[in-house]
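Have a look at upload-v9.cif; it's mmCIF, C-alpha atoms:
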data_entry
#
loop_
_atom_site.label_atom_id
_atom_site.label_comp_id
_atom_site.auth_asym_id
_atom_site.auth_seq_id
_atom_site.Cartn_x
_atom_site.Cartn_y
_atom_site.Cartn_z
CA MET A 1 0.00 0.00 0.00
CA ARG A 2 1.55 3.29 -1.09
CA GLN A 3 -1.09 5.79 -0.03
CA ASP A 4 -4.10 5.46 2.26
CA VAL A 5 -5.53 8.80 3.30
CA LEU A 6 -8.82 10.12 4.58
CA LEU A 7 -9.66 13.37 2.82
CA GLU A 8 -11.50 15.56 5.27
CA PRO A 9 -14.13 17.89 3.82
CA ARG A 10 -12.53 20.65 1.69
CA SER A 11 -9.07 19.03 1.79
CA TYR A 12 -6.73 17.85 -0.97
CA THR A 13 -3.78 15.61 -1.68
CA ALA A 14 -1.19 14.73 -4.31
CA SER A 15 -0.44 11.16 -5.37
CA GLU A 16 1.99 9.33 -7.60
CA VAL A 17 0.57 6.26 -9.28
CA GLU A 18 2.87 3.95 -11.23
CA VAL A 19 2.13 1.51 -14.02
CA GLY A 20 0.67 -1.59 -12.41
CA GLU A 21 -0.97 0.45 -9.67
CA SER A 22 -4.47 1.78 -9.19
CA LEU A 23 -5.98 4.76 -7.47
CA ARG A 24 -9.32 4.35 -5.74
CA ILE A 25 -11.42 7.16 -4.29
CA THR A 26 -14.22 6.03 -2.00
CA VAL A 27 -17.18 8.14 -0.92
CA VAL A 28 -17.31 7.91 2.88
CA ASP A 29 -20.40 9.85 3.93
CA GLY A 30 -22.23 10.06 0.60
CA GLN A 31 -22.98 12.64 -2.13
CA GLN A 32 -19.43 13.95 -2.44
CA VAL A 33 -17.41 14.76 -5.56
CA PRO A 34 -13.63 14.89 -6.09
CA ASP A 35 -11.95 17.07 -8.71
CA ILE A 36 -8.99 15.25 -10.22
CA VAL A 37 -6.07 16.55 -12.32
CA LEU A 38 -3.46 14.20 -13.72
CA TRP A 39 -0.43 14.16 -15.98
CA ALA A 40 2.43 11.84 -16.95
CA ARG A 41 5.12 12.00 -14.26
CA GLU A 42 7.95 11.91 -16.80
CA ASP A 43 6.45 14.60 -19.06
CA ALA A 44 4.11 17.21 -17.64
CA GLY A 45 3.18 18.10 -21.23
CA GLU A 46 1.25 14.84 -21.33
CA ARG A 47 -1.67 16.15 -19.31
CA LEU A 48 -5.30 15.11 -19.19
CA SER A 49 -7.37 16.29 -22.13
CA PRO A 50 -11.12 16.20 -21.59
CA THR A 51 -11.77 16.66 -25.29
CA ALA A 52 -9.40 13.92 -26.48
CA SER A 53 -10.88 11.63 -23.81
CA GLN A 54 -14.43 12.29 -24.96
CA LEU A 55 -13.81 12.08 -28.70
CA LEU A 56 -11.46 9.08 -28.65
CA ASN A 57 -13.77 7.11 -26.35
CA GLY A 58 -16.84 8.28 -28.25
CA SER A 59 -18.42 9.09 -24.91
CA HIS A 60 -19.32 12.41 -23.32
CA LEU A 61 -19.02 10.81 -19.86
CA MET A 62 -16.14 8.69 -18.58
CA VAL A 63 -17.81 5.38 -17.85
CA PRO A 64 -15.91 2.22 -16.83
CA GLY A 65 -13.68 1.07 -19.67
CA CYS A 66 -12.98 4.59 -20.90
CA VAL A 67 -9.37 5.71 -21.20
CA LEU A 68 -8.35 9.15 -19.96
CA TYR A 69 -6.22 10.54 -22.80
CA SER A 70 -3.64 13.28 -22.88
CA HIS A 71 -3.89 16.19 -25.30
CA ARG A 72 -1.30 14.35 -27.39
CA ALA A 73 -3.79 11.47 -27.62
CA SER A 74 -1.79 9.10 -25.41
CA GLY A 75 -3.53 6.98 -22.82
CA LEU A 76 -2.87 8.09 -19.24
CA ALA A 77 -5.29 6.02 -17.16
CA ARG A 78 -8.21 3.64 -17.57
CA VAL A 79 -11.44 3.98 -15.64
CA ASP A 80 -11.79 0.51 -14.14
CA ALA A 81 -14.78 1.27 -11.94
CA CYS A 82 -17.24 4.02 -11.12
CA THR A 83 -20.03 2.60 -9.01
CA ALA A 84 -22.27 5.67 -8.98
CA GLY A 85 -23.24 7.99 -11.78
CA ALA A 86 -20.59 8.70 -14.36
CA GLY A 87 -17.49 10.80 -14.73
CA VAL A 88 -17.80 14.34 -15.95
CA ILE A 89 -14.70 15.68 -17.65
CA VAL A 90 -14.47 19.44 -18.15
CA GLY A 91 -12.23 22.42 -18.72
CA GLY A 92 -12.12 23.94 -15.27
CA SER A 93 -13.14 23.58 -11.67
CA CYS A 94 -14.91 25.74 -9.16
CA SER A 95 -12.76 28.73 -8.30
CA ALA A 96 -13.01 31.85 -6.17
CA PRO A 97 -13.77 34.04 -9.22
CA LEU A 98 -16.40 31.58 -10.47
CA ASN A 99 -18.03 31.39 -7.06
CA TYR A 100 -18.03 35.18 -6.89
CA ALA A 101 -19.62 35.33 -10.34
CA ARG A 102 -22.37 32.93 -9.32
CA PHE A 103 -23.00 33.81 -5.67
CA GLY A 104 -21.49 37.27 -5.12
CA ILE A 105 -19.36 36.01 -2.23
CA PRO A 106 -15.59 36.59 -2.42
CA ASP A 107 -12.81 34.21 -1.40
CA THR A 108 -14.85 31.05 -0.93
CA PRO A 109 -13.15 27.63 -0.65
CA ASN A 110 -12.77 26.10 -4.10
CA CYS A 111 -11.16 23.28 -6.04
CA ARG A 112 -8.81 25.52 -8.04
CA SER A 113 -7.14 26.74 -4.85
CA ASN A 114 -7.07 23.20 -3.48
CA LEU A 115 -5.46 21.81 -6.62
CA LEU A 116 -2.87 24.59 -6.70
CA ALA A 117 -2.02 23.85 -3.08
CA ALA A 118 -1.86 20.10 -3.71
CA GLY A 119 0.38 20.66 -6.72
CA ALA A 120 2.69 23.20 -5.08
CA PRO A 121 5.48 20.60 -4.65
CA TYR A 122 5.36 20.10 -8.41
CA GLY A 123 5.44 23.84 -9.17
CA VAL A 124 2.01 23.91 -10.78
CA GLU A 125 0.40 27.10 -12.01
CA GLU A 126 -3.23 27.93 -12.69
CA ALA A 127 -3.00 26.67 -16.27
CA ASP A 128 -1.89 23.26 -14.99
CA VAL A 129 -5.14 22.65 -13.14
CA GLN A 130 -7.71 23.56 -15.81
CA HIS A 131 -8.41 20.04 -17.14
CA ILE A 132 -10.62 18.22 -14.66
CA TYR A 133 -12.05 14.74 -14.19
CA CYS A 134 -15.06 14.81 -11.83
CA PRO A 135 -16.38 11.35 -11.01
CA PHE A 136 -19.83 11.22 -9.38
CA MET A 137 -20.68 14.78 -10.50
CA THR A 138 -24.03 15.20 -12.18
CA ILE A 139 -24.24 18.06 -14.63
CA ARG A 140 -26.42 18.28 -17.70
CA ARG A 141 -27.48 20.68 -20.40
CA ASP A 142 -31.04 21.88 -20.12
CA ASP A 143 -33.20 22.47 -23.16
CA ASP A 144 -33.23 26.21 -22.43
CA GLY A 145 -29.49 26.41 -23.09
CA SER A 146 -28.33 26.46 -19.48
CA TYR A 147 -26.24 24.08 -17.37
CA VAL A 148 -27.92 22.27 -14.49
CA ILE A 149 -26.00 20.66 -11.62
CA ASP A 150 -27.99 17.94 -9.87
CA LEU A 151 -27.41 16.15 -6.58
CA PRO A 152 -24.74 13.44 -6.87
CA GLU A 153 -25.89 9.85 -6.64
CA ALA A 154 -22.91 8.45 -4.76
CA GLU A 155 -23.72 6.70 -1.49
CA PRO A 156 -21.28 5.70 1.25
CA GLY A 157 -18.97 3.03 -0.15
CA ASP A 158 -19.32 4.02 -3.80
CA TYR A 159 -15.96 4.40 -5.47
CA VAL A 160 -14.11 5.27 -8.63
CA GLU A 161 -10.95 3.46 -9.61
CA LEU A 162 -8.28 4.39 -12.15
CA ALA A 163 -5.51 2.12 -13.42
CA ALA A 164 -2.31 3.92 -14.44
CA LEU A 165 -1.26 3.33 -18.06
CA VAL A 166 1.88 5.43 -17.50
CA ASP A 167 3.45 6.68 -14.30
CA LEU A 168 1.21 9.51 -13.14
CA VAL A 169 1.00 12.51 -10.88
CA VAL A 170 -2.57 12.91 -9.63
CA LEU A 171 -3.95 15.88 -7.71
CA THR A 172 -7.24 15.44 -5.89
CA SER A 173 -9.45 18.12 -4.39
CA ASN A 174 -12.24 17.03 -2.08
CA CYS A 175 -14.63 19.57 -3.57
CA PRO A 176 -15.51 22.26 -1.02
CA GLN A 177 -18.48 23.59 -3.00
CA GLU A 178 -21.38 24.17 -0.62
CA ARG A 179 -23.56 26.54 -2.63
CA THR A 180 -24.66 24.18 -5.40
CA PRO A 181 -26.03 20.61 -5.39
CA THR A 182 -22.55 19.34 -6.40
CA ASN A 183 -21.95 17.92 -2.91
CA ALA A 184 -25.55 18.10 -1.68
CA PHE A 185 -24.70 21.50 -0.11
CA ASN A 186 -22.66 19.71 2.55
CA PRO A 187 -19.02 18.82 1.74
CA SER A 188 -18.05 15.53 3.36
CA ARG A 189 -15.26 12.96 3.50
CA LEU A 190 -13.57 10.94 0.79
CA HIS A 191 -10.95 8.23 1.11
CA LEU A 192 -8.04 7.86 -1.33
CA TRP A 193 -6.04 4.69 -1.79
CA VAL A 194 -3.09 3.99 -4.12
CA GLY A 195 -1.55 0.53 -4.38
CA PRO A 196 -0.81 -2.44 -6.61
CA SER A 197 -3.72 -3.19 -8.90
CA ASP A 198 -3.90 -6.76 -7.59
CA ALA A 199 -3.89 -5.79 -3.89
CA SER A 200 -6.96 -5.91 -1.70
CA ARG A 201 -8.70 -2.57 -1.12
CA PRO A 202 -9.80 -1.18 2.23
CA THR A 203 -13.50 -1.67 2.92
CA LEU A 204 -15.78 1.18 3.91
CA ASP A 205 -16.06 -0.34 7.40
CA ALA A 206 -12.26 -0.35 7.74
CA ILE A 207 -12.04 3.23 6.46
CA VAL A 208 -14.66 4.43 8.93
CA ALA A 209 -13.10 2.48 11.80
CA GLU A 210 -9.67 3.90 11.10
CA ALA A 211 -11.12 7.41 10.87
CA ALA A 212 -12.77 6.93 14.26
CA HIS A 213 -9.42 6.03 15.80
CA ALA A 214 -7.55 8.93 14.24
CA MET B 1 -12.55 48.42 -41.74
CA PRO B 2 -9.67 45.90 -41.73
CA ASP B 3 -10.42 42.33 -42.56
CA VAL B 4 -8.69 39.07 -43.17
CA THR B 5 -9.81 35.98 -45.00
CA LEU B 6 -8.76 32.62 -43.61
CA THR B 7 -8.30 29.28 -45.30
CA ALA B 8 -8.73 26.13 -43.21
CA GLY B 9 -5.71 25.75 -40.98
CA SER B 10 -4.82 29.44 -40.84
CA ALA B 11 -5.38 31.98 -38.09
CA ALA B 12 -5.31 35.68 -37.32
CA ALA B 13 -4.43 37.66 -34.19
CA ILE B 14 -6.21 40.98 -33.66
CA SER B 15 -5.56 43.48 -30.87
CA LEU B 16 -8.72 45.16 -29.68
CA SER B 17 -9.37 48.18 -27.48
CA PRO B 18 -12.53 48.52 -25.39
CA GLY B 19 -15.47 49.15 -27.68
CA ASP B 20 -13.86 47.76 -30.81
CA ALA B 21 -16.02 45.38 -32.83
CA LEU B 22 -14.97 42.07 -34.34
CA SER B 23 -17.01 39.81 -36.60
CA VAL B 24 -16.40 36.22 -37.60
CA ARG B 25 -18.31 35.24 -40.74
CA ALA B 26 -18.59 31.88 -42.44
CA ILE B 27 -17.91 31.96 -46.16
CA VAL B 28 -18.87 28.34 -46.73
CA ALA B 29 -21.32 26.02 -45.02
CA GLY B 30 -20.07 23.62 -42.36
CA GLN B 31 -16.90 25.51 -41.46
CA VAL B 32 -15.95 25.95 -37.81
CA ALA B 33 -13.87 28.80 -36.38
CA GLU B 34 -12.21 28.65 -32.97
CA LEU B 35 -11.77 31.89 -31.04
CA VAL B 36 -9.75 32.64 -27.91
CA ALA B 37 -8.95 35.92 -26.17
CA HIS B 38 -6.10 37.01 -23.92
CA SER B 39 -6.01 40.12 -21.76
CA ALA B 40 -3.68 42.79 -23.12
CA ALA B 41 -2.45 43.43 -19.59
CA ASP B 42 -1.35 39.85 -18.98
CA PRO B 43 -1.87 37.10 -21.58
CA ARG B 44 -2.05 34.51 -18.79
CA GLU B 45 -5.45 36.01 -18.06
CA ARG B 46 -7.51 34.46 -20.81
CA LEU B 47 -10.93 33.40 -21.94
CA SER B 48 -12.58 30.82 -19.68
CA THR B 49 -15.42 29.08 -21.45
CA LEU B 50 -16.21 27.17 -18.25
CA LEU B 51 -16.59 30.31 -16.14
CA THR B 52 -18.47 31.98 -18.98
CA GLY B 53 -20.86 29.06 -19.39
CA LEU B 54 -21.63 28.81 -15.68
CA ALA B 55 -21.72 32.55 -14.96
CA GLU B 56 -23.93 33.20 -17.99
CA GLU B 57 -25.90 29.95 -17.51
CA ALA B 58 -25.39 29.08 -21.15
CA HIS B 59 -23.73 26.27 -23.06
CA THR B 60 -23.75 28.20 -26.32
CA LEU B 61 -23.38 31.83 -27.39
CA ARG B 62 -26.30 34.16 -26.85
CA GLU B 63 -26.78 37.79 -27.83
CA GLY B 64 -25.83 40.07 -24.97
CA MET B 65 -23.71 37.56 -23.09
CA THR B 66 -20.25 38.42 -21.80
CA LEU B 67 -17.22 36.25 -22.38
CA TRP B 68 -15.22 36.25 -19.14
CA SER B 69 -11.64 35.52 -18.19
CA GLN B 70 -10.80 32.89 -15.58
CA GLU B 71 -10.52 35.78 -13.11
CA TYR B 72 -14.08 36.93 -13.88
CA ARG B 73 -13.11 40.01 -15.81
CA PRO B 74 -14.94 40.78 -19.04
CA LEU B 75 -13.10 40.30 -22.32
CA LEU B 76 -15.77 40.32 -25.04
CA ARG B 77 -19.48 40.69 -25.46
CA VAL B 78 -21.67 38.99 -28.03
CA GLU B 79 -23.50 41.73 -29.93
CA GLU B 80 -25.10 39.79 -32.76
CA LEU B 81 -25.34 36.26 -34.05
CA THR B 82 -27.22 34.65 -36.87
CA ASN B 83 -26.81 31.09 -35.66
CA ASP B 84 -27.03 29.84 -32.07
CA GLU B 85 -25.19 26.52 -32.40
CA HIS B 86 -21.74 27.02 -30.92
CA ASP B 87 -19.59 25.11 -28.44
CA LEU B 88 -18.25 26.26 -25.07
CA ALA B 89 -16.93 22.92 -23.83
CA LEU B 90 -14.33 21.45 -26.17
CA GLU B 91 -10.62 22.19 -26.38
CA ALA B 92 -8.94 23.51 -29.49
CA CYS B 93 -8.23 20.86 -32.10
CA THR B 94 -4.72 19.40 -31.99
CA PRO B 95 -2.72 17.51 -34.64
CA TRP B 96 -2.58 14.47 -32.36
CA LEU B 97 -6.34 14.38 -31.96
CA GLY B 98 -6.87 15.00 -35.67
CA ARG B 99 -4.60 12.09 -36.59
CA ALA B 100 -6.19 9.83 -33.98
CA LEU B 101 -9.61 10.60 -35.44
CA GLY B 102 -8.33 9.89 -38.95
CA ALA B 103 -8.92 13.41 -40.19
CA GLU B 104 -7.18 14.79 -43.25
CA LEU B 105 -5.59 17.93 -41.85
CA VAL B 106 -4.51 20.95 -43.85
CA GLY B 107 -2.48 23.82 -42.44
CA ASP B 108 -2.21 24.24 -38.71
CA CYS B 109 -4.59 22.95 -36.10
CA CYS B 110 -6.25 25.66 -33.98
CA TRP B 111 -4.22 24.65 -30.90
CA THR B 112 -0.99 24.94 -32.94
CA SER B 113 -1.86 28.48 -34.01
CA PHE B 114 -2.84 29.53 -30.50
CA ARG B 115 0.36 28.01 -29.09
CA ALA B 116 2.47 29.85 -31.68
CA TRP B 117 1.03 33.18 -30.57
CA LEU B 118 1.68 32.33 -26.91
CA GLU B 119 5.28 31.44 -27.71
CA GLY B 120 5.68 34.94 -29.12
CA GLU B 121 4.50 36.22 -25.75
CA GLY B 122 7.05 34.05 -23.95
CA LEU B 123 4.46 31.64 -22.54
CA PRO B 124 4.37 27.84 -22.86
CA GLU B 125 1.59 25.82 -24.47
CA LYS B 126 -0.25 25.10 -21.25
CA TRP B 127 -1.73 28.60 -21.35
CA VAL B 128 -3.77 27.84 -24.48
CA PRO B 129 -7.39 28.49 -23.44
CA TYR B 130 -10.46 26.48 -24.25
CA PRO B 131 -11.88 28.27 -27.31
CA VAL B 132 -15.33 29.33 -28.27
CA GLY B 133 -16.12 26.84 -31.00
CA ILE B 134 -17.98 29.11 -33.38
CA PHE B 135 -20.44 26.99 -35.38
CA LYS B 136 -18.93 23.89 -33.70
CA ARG B 137 -21.17 20.93 -32.88
CA ALA B 138 -20.55 17.73 -30.99
CA ASP B 139 -23.19 15.33 -29.78
CA GLU B 140 -24.06 11.70 -29.30
CA ARG B 141 -25.53 9.82 -32.24
CA ASP B 142 -26.06 6.08 -32.48
CA GLY B 143 -24.51 5.73 -29.05
CA ARG B 144 -21.25 7.47 -29.94
CA TYR B 145 -20.20 11.01 -29.01
CA GLY B 146 -18.40 12.86 -31.78
CA LEU B 147 -17.80 16.00 -33.80
CA ARG B 148 -20.38 16.89 -36.43
CA PRO B 149 -20.16 19.20 -39.43
CA GLY B 150 -20.22 22.83 -38.43
CA SER B 151 -23.58 24.52 -38.11
CA SER B 152 -22.61 27.44 -40.34
CA ARG B 153 -24.41 28.50 -43.47
CA PRO B 154 -22.66 30.89 -45.89
CA GLY B 155 -22.88 34.36 -44.42
CA ASP B 156 -23.58 33.27 -40.83
CA LEU B 157 -21.72 35.49 -38.41
CA VAL B 158 -21.03 36.28 -34.78
CA ARG B 159 -20.23 39.89 -33.92
CA PHE B 160 -18.40 40.71 -30.70
CA SER B 161 -17.38 43.92 -29.00
CA ALA B 162 -14.32 44.20 -26.81
CA ALA B 163 -15.16 44.74 -23.15
CA SER B 164 -11.50 45.29 -22.28
CA ALA B 165 -8.19 45.56 -24.10
CA CYS B 166 -7.41 42.11 -25.40
CA THR B 167 -5.91 40.08 -28.20
CA VAL B 168 -8.32 37.83 -30.04
CA LEU B 169 -7.10 34.84 -32.01
CA VAL B 170 -9.36 33.31 -34.65
CA SER B 171 -8.48 30.05 -36.37
CA ALA B 172 -10.34 28.42 -39.23
CA CYS B 173 -10.53 24.86 -38.00
CA PRO B 174 -8.89 22.26 -40.25
CA LEU B 175 -10.66 19.45 -38.42
CA THR B 176 -14.20 20.62 -39.21
CA ARG B 177 -13.86 22.02 -42.69
CA GLY B 178 -16.47 23.44 -44.98
CA ALA B 179 -14.49 23.20 -48.21
CA ALA B 180 -12.56 20.32 -49.76
CA ASP B 181 -10.16 22.73 -51.46
CA PRO B 182 -7.52 23.73 -48.88
CA ALA B 183 -6.91 26.99 -50.74
CA ALA B 184 -10.55 28.05 -50.53
CA PRO B 185 -11.37 30.98 -48.23
CA VAL B 186 -13.68 29.71 -45.50
CA ILE B 187 -13.81 32.34 -42.73
CA GLU B 188 -13.74 36.13 -42.87
CA VAL B 189 -12.72 38.15 -39.83
CA THR B 190 -13.57 41.84 -39.81
CA TRP B 191 -12.85 44.34 -37.09
CA ASN B 192 -13.68 47.96 -36.55
CA GLU B 193 -11.45 50.14 -34.41
CA GLN B 194 -14.01 52.34 -32.67
CA ASN B 195 -11.42 54.36 -30.82
CA SER B 196 -9.03 55.08 -33.69
#
Entire entry expressed as C-alpha cells:
Amino acid sequence: MRQDVLLEPRSYTASEVEVGESLRITVVDGQQVPDIVLWAREDAGERLSPTASQLLNGSHLMVPGCVLYSHRASGLARVDACTAGAGVIVGGSCSAPLNYARFGIPDTPNCRSNLLAAGAPYGVEEADVQHIYCPFMTIRRDDDGSYVIDLPEAEPGDYVELAALVDLVVLTSNCPQERTPTNAFNPSRLHLWVGPSDASRPTLDAIVAEAAHA
Amino acid sequence: MPDVTLTAGSAAAISLSPGDALSVRAIVAGQVAELVAHSAADPRERLSTLLTGLAEEAHTLREGMTLWSQEYRPLLRVEELTNDEHDLALEACTPWLGRALGAELVGDCCWTSFRAWLEGEGLPEKWVPYPVGIFKRADERDGRYGLRPGSSRPGDLVRFSAASACTVLVSACPLTRGAADPAAPVIEVTWNEQNS
C-alpha cells in the first residue's frame, strides 16, 4: 500500500501512481465529488485532455472502460470502476472568481485553490489545473441552453478506480463547494487509496473504523 | 474596416481596445472557427469558457452575453449572431487528436496556431485556453459522441465587442472544414477600431 488517506471535507492531496498500480477514491459519507487533475510523471506536457478523452472514447461521460487521454492522444489512465453515476470531464473547476460570479461572495473555498495547493510541490500554475475529471458529479445541459448541476448519486462506499497506463501525478481536491447541489450542499469525507492493482482494497467499514481512531 | 480571410488551418491575431467590434463570418457552409482571447495586460489572463458558461448559464453563445476571463473580468461581449449553435466545452483541435480521429488535416490545427502566438508572448503551451467553437457541434448519435459538421451557413456570423483591451485569435478549424479545397477561403474576420 503506497497511499491510504482520509480526505477531510474541503481538503486535498497529491499522489503518484505507477504503471501496475491503481488509485481508488471512495465516498465515505455520501454525495461527495472529487476534482482530479493528472499528468504523466515523466512529461508534464502529457496532461489530461477532456476533449481527447471524450472524442477518442466516443463518450461524453467517462464510464468504466474509458481511457483518460492526454492532449497528445496518449492513454494516461483507464477507468476501471465508477459505481455511482458517471465521470464528468471538463475544462475547469470551481474557483473563487467563479463562485463570486455565481454567488457574489468573495474568497470562498474552491477546487482551483485546493489543486494549486496540492500541486505546489510540483510547481504547478493555474493553467496546470484547468483540465478536470469529476467522477460522481451530475451536470447536464437543459433544453433552455443552461447548465444544471444535480445532486450526486454516490452513497457511502461508492468508489471510482483508475488504473495507471503510464506513471502519473494525480492531484485530488475534495470539492468544497457548498452553494450548489454538487456535494448536496454539505461537503463531506472521501478516502483515497493507491496501491498495486492486484492488492486488496480497504473496505468502507475499515475506512470508517480507522477514521474513528484517528 | 480591416479584414482578413482565412483558409482552413490558418489563423489571425487581432488586438482590440474597449469598444472595438470584431465579426467572424462563415464563407462556406459547415466551417468551424475557434476563437480565444487574452487580456492585453497579462496574456495569462484568458478566456474561460467554463466560467463563462456557468456565470452566464449558457452552453452556447447568446446575444448580450459576456465572455469572461478565468478571473471573472470581461473580455468580449456577443452583440449579434445569426446562428445559435456554438460550443463552449471542447478544447482547441490538436494535430494528435486529428490524426487519432483519422482526419485529413490541412495547415495548422487551432491549438498549434494559439500556441504559436503564446510562444511569441514568452508563454508555454499550457496557457492555451479552451476556445469558443464558433459553429462547432458535438453530440451523441447512435450511441457514440463525436464531432459533427459545423452549423454554419454561408454568411452566418457572430459579432463581438471588446469589453476590455485584449488580443483575439481566430483560427479556421482544419478538423471541421467546410471546403474540400484547402486553398478556398472559409472564414472572414472583420474588425472595426471604434477608438481610432
(message) Which residue is closest to Leu147 (chain B)? Choose from A:Glu8, A:Glu18, A:Asp43, A:Ser59 and count only C-alpha atoms.
(response) A:Ser59
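Between chain A and the candidates B:Thr49, B:Ser171, B:Thr66, B:Gln31, the tightest atom-to-atom separation, counting all atoms listed in the file, involves B:Thr49.
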(request) Pull out every residue of chain B that has at least one atom within 8 Å of chain A, counting all atoms listed in the file, and report them as a list of chain:residue names. (result)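 Taking all atoms listed in the file into account, B:Thr49, B:Leu50, B:Leu51, B:Gly53, B:Leu54, B:Ala55, B:Glu57, B:Ala58, B:His59, B:Thr60, B:Gln70, B:Glu71, B:Tyr72, B:Ala89, B:Leu90, B:Glu91, B:Thr94, B:Trp96, B:Leu97, B:Ala100, B:Leu101, B:Lys126, B:Trp127, B:Tyr130, B:Glu140, B:Arg144, B:Tyr145, B:Gly146, B:Leu147 sit within 8 Å of chain A.
Among B:Arg44, B:His86, B:Lys136, B:Arg77, the residue with the shortest atom-to-atom distance to Asp20 (chain B), counting only C-alpha atoms, is B:Arg77.
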(request) Give me the residues within 8 Å of Ser69 (chain B) as a PyMOL selection string, counting all atoms listed in the file and dropping any in the same chain fewer than 5 places off. (result) chain B and resi 45-48+51-52+74-75
With C-alpha atoms retained, export the selected residues as a PDB file, in the frame of the given file.
ATOM      1  CA  GLU B  45      -5.450  36.010 -18.060  1.00  0.00           C
ATOM      2  CA  ARG B  46      -7.510  34.460 -20.810  1.00  0.00           C
ATOM      3  CA  LEU B  47     -10.930  33.400 -21.940  1.00  0.00           C
ATOM      4  CA  SER B  48     -12.580  30.820 -19.680  1.00  0.00           C
ATOM      5  CA  LEU B  51     -16.590  30.310 -16.140  1.00  0.00           C
ATOM      6  CA  THR B  52     -18.470  31.980 -18.980  1.00  0.00           C
ATOM      7  CA  PRO B  74     -14.940  40.780 -19.040  1.00  0.00           C
ATOM      8  CA  LEU B  75     -13.100  40.300 -22.320  1.00  0.00           C
TER       9      LEU B  75
END
(request) List the residues selected by the PyMOL selection byres ((chain B and resi 81) around 7) in the file shown, writing them as a list in words. (result)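 Answer for the PyMOL selection byres ((chain B and resi 81) around 7): Glu63, Glu80, Thr82, Asn83, Asp84, Leu157, Val158 and Arg159 of chain B.
We find CA of Arg201 (chain A) and CA of Ile132 (chain A) to be spaced 24.9 Å apart.
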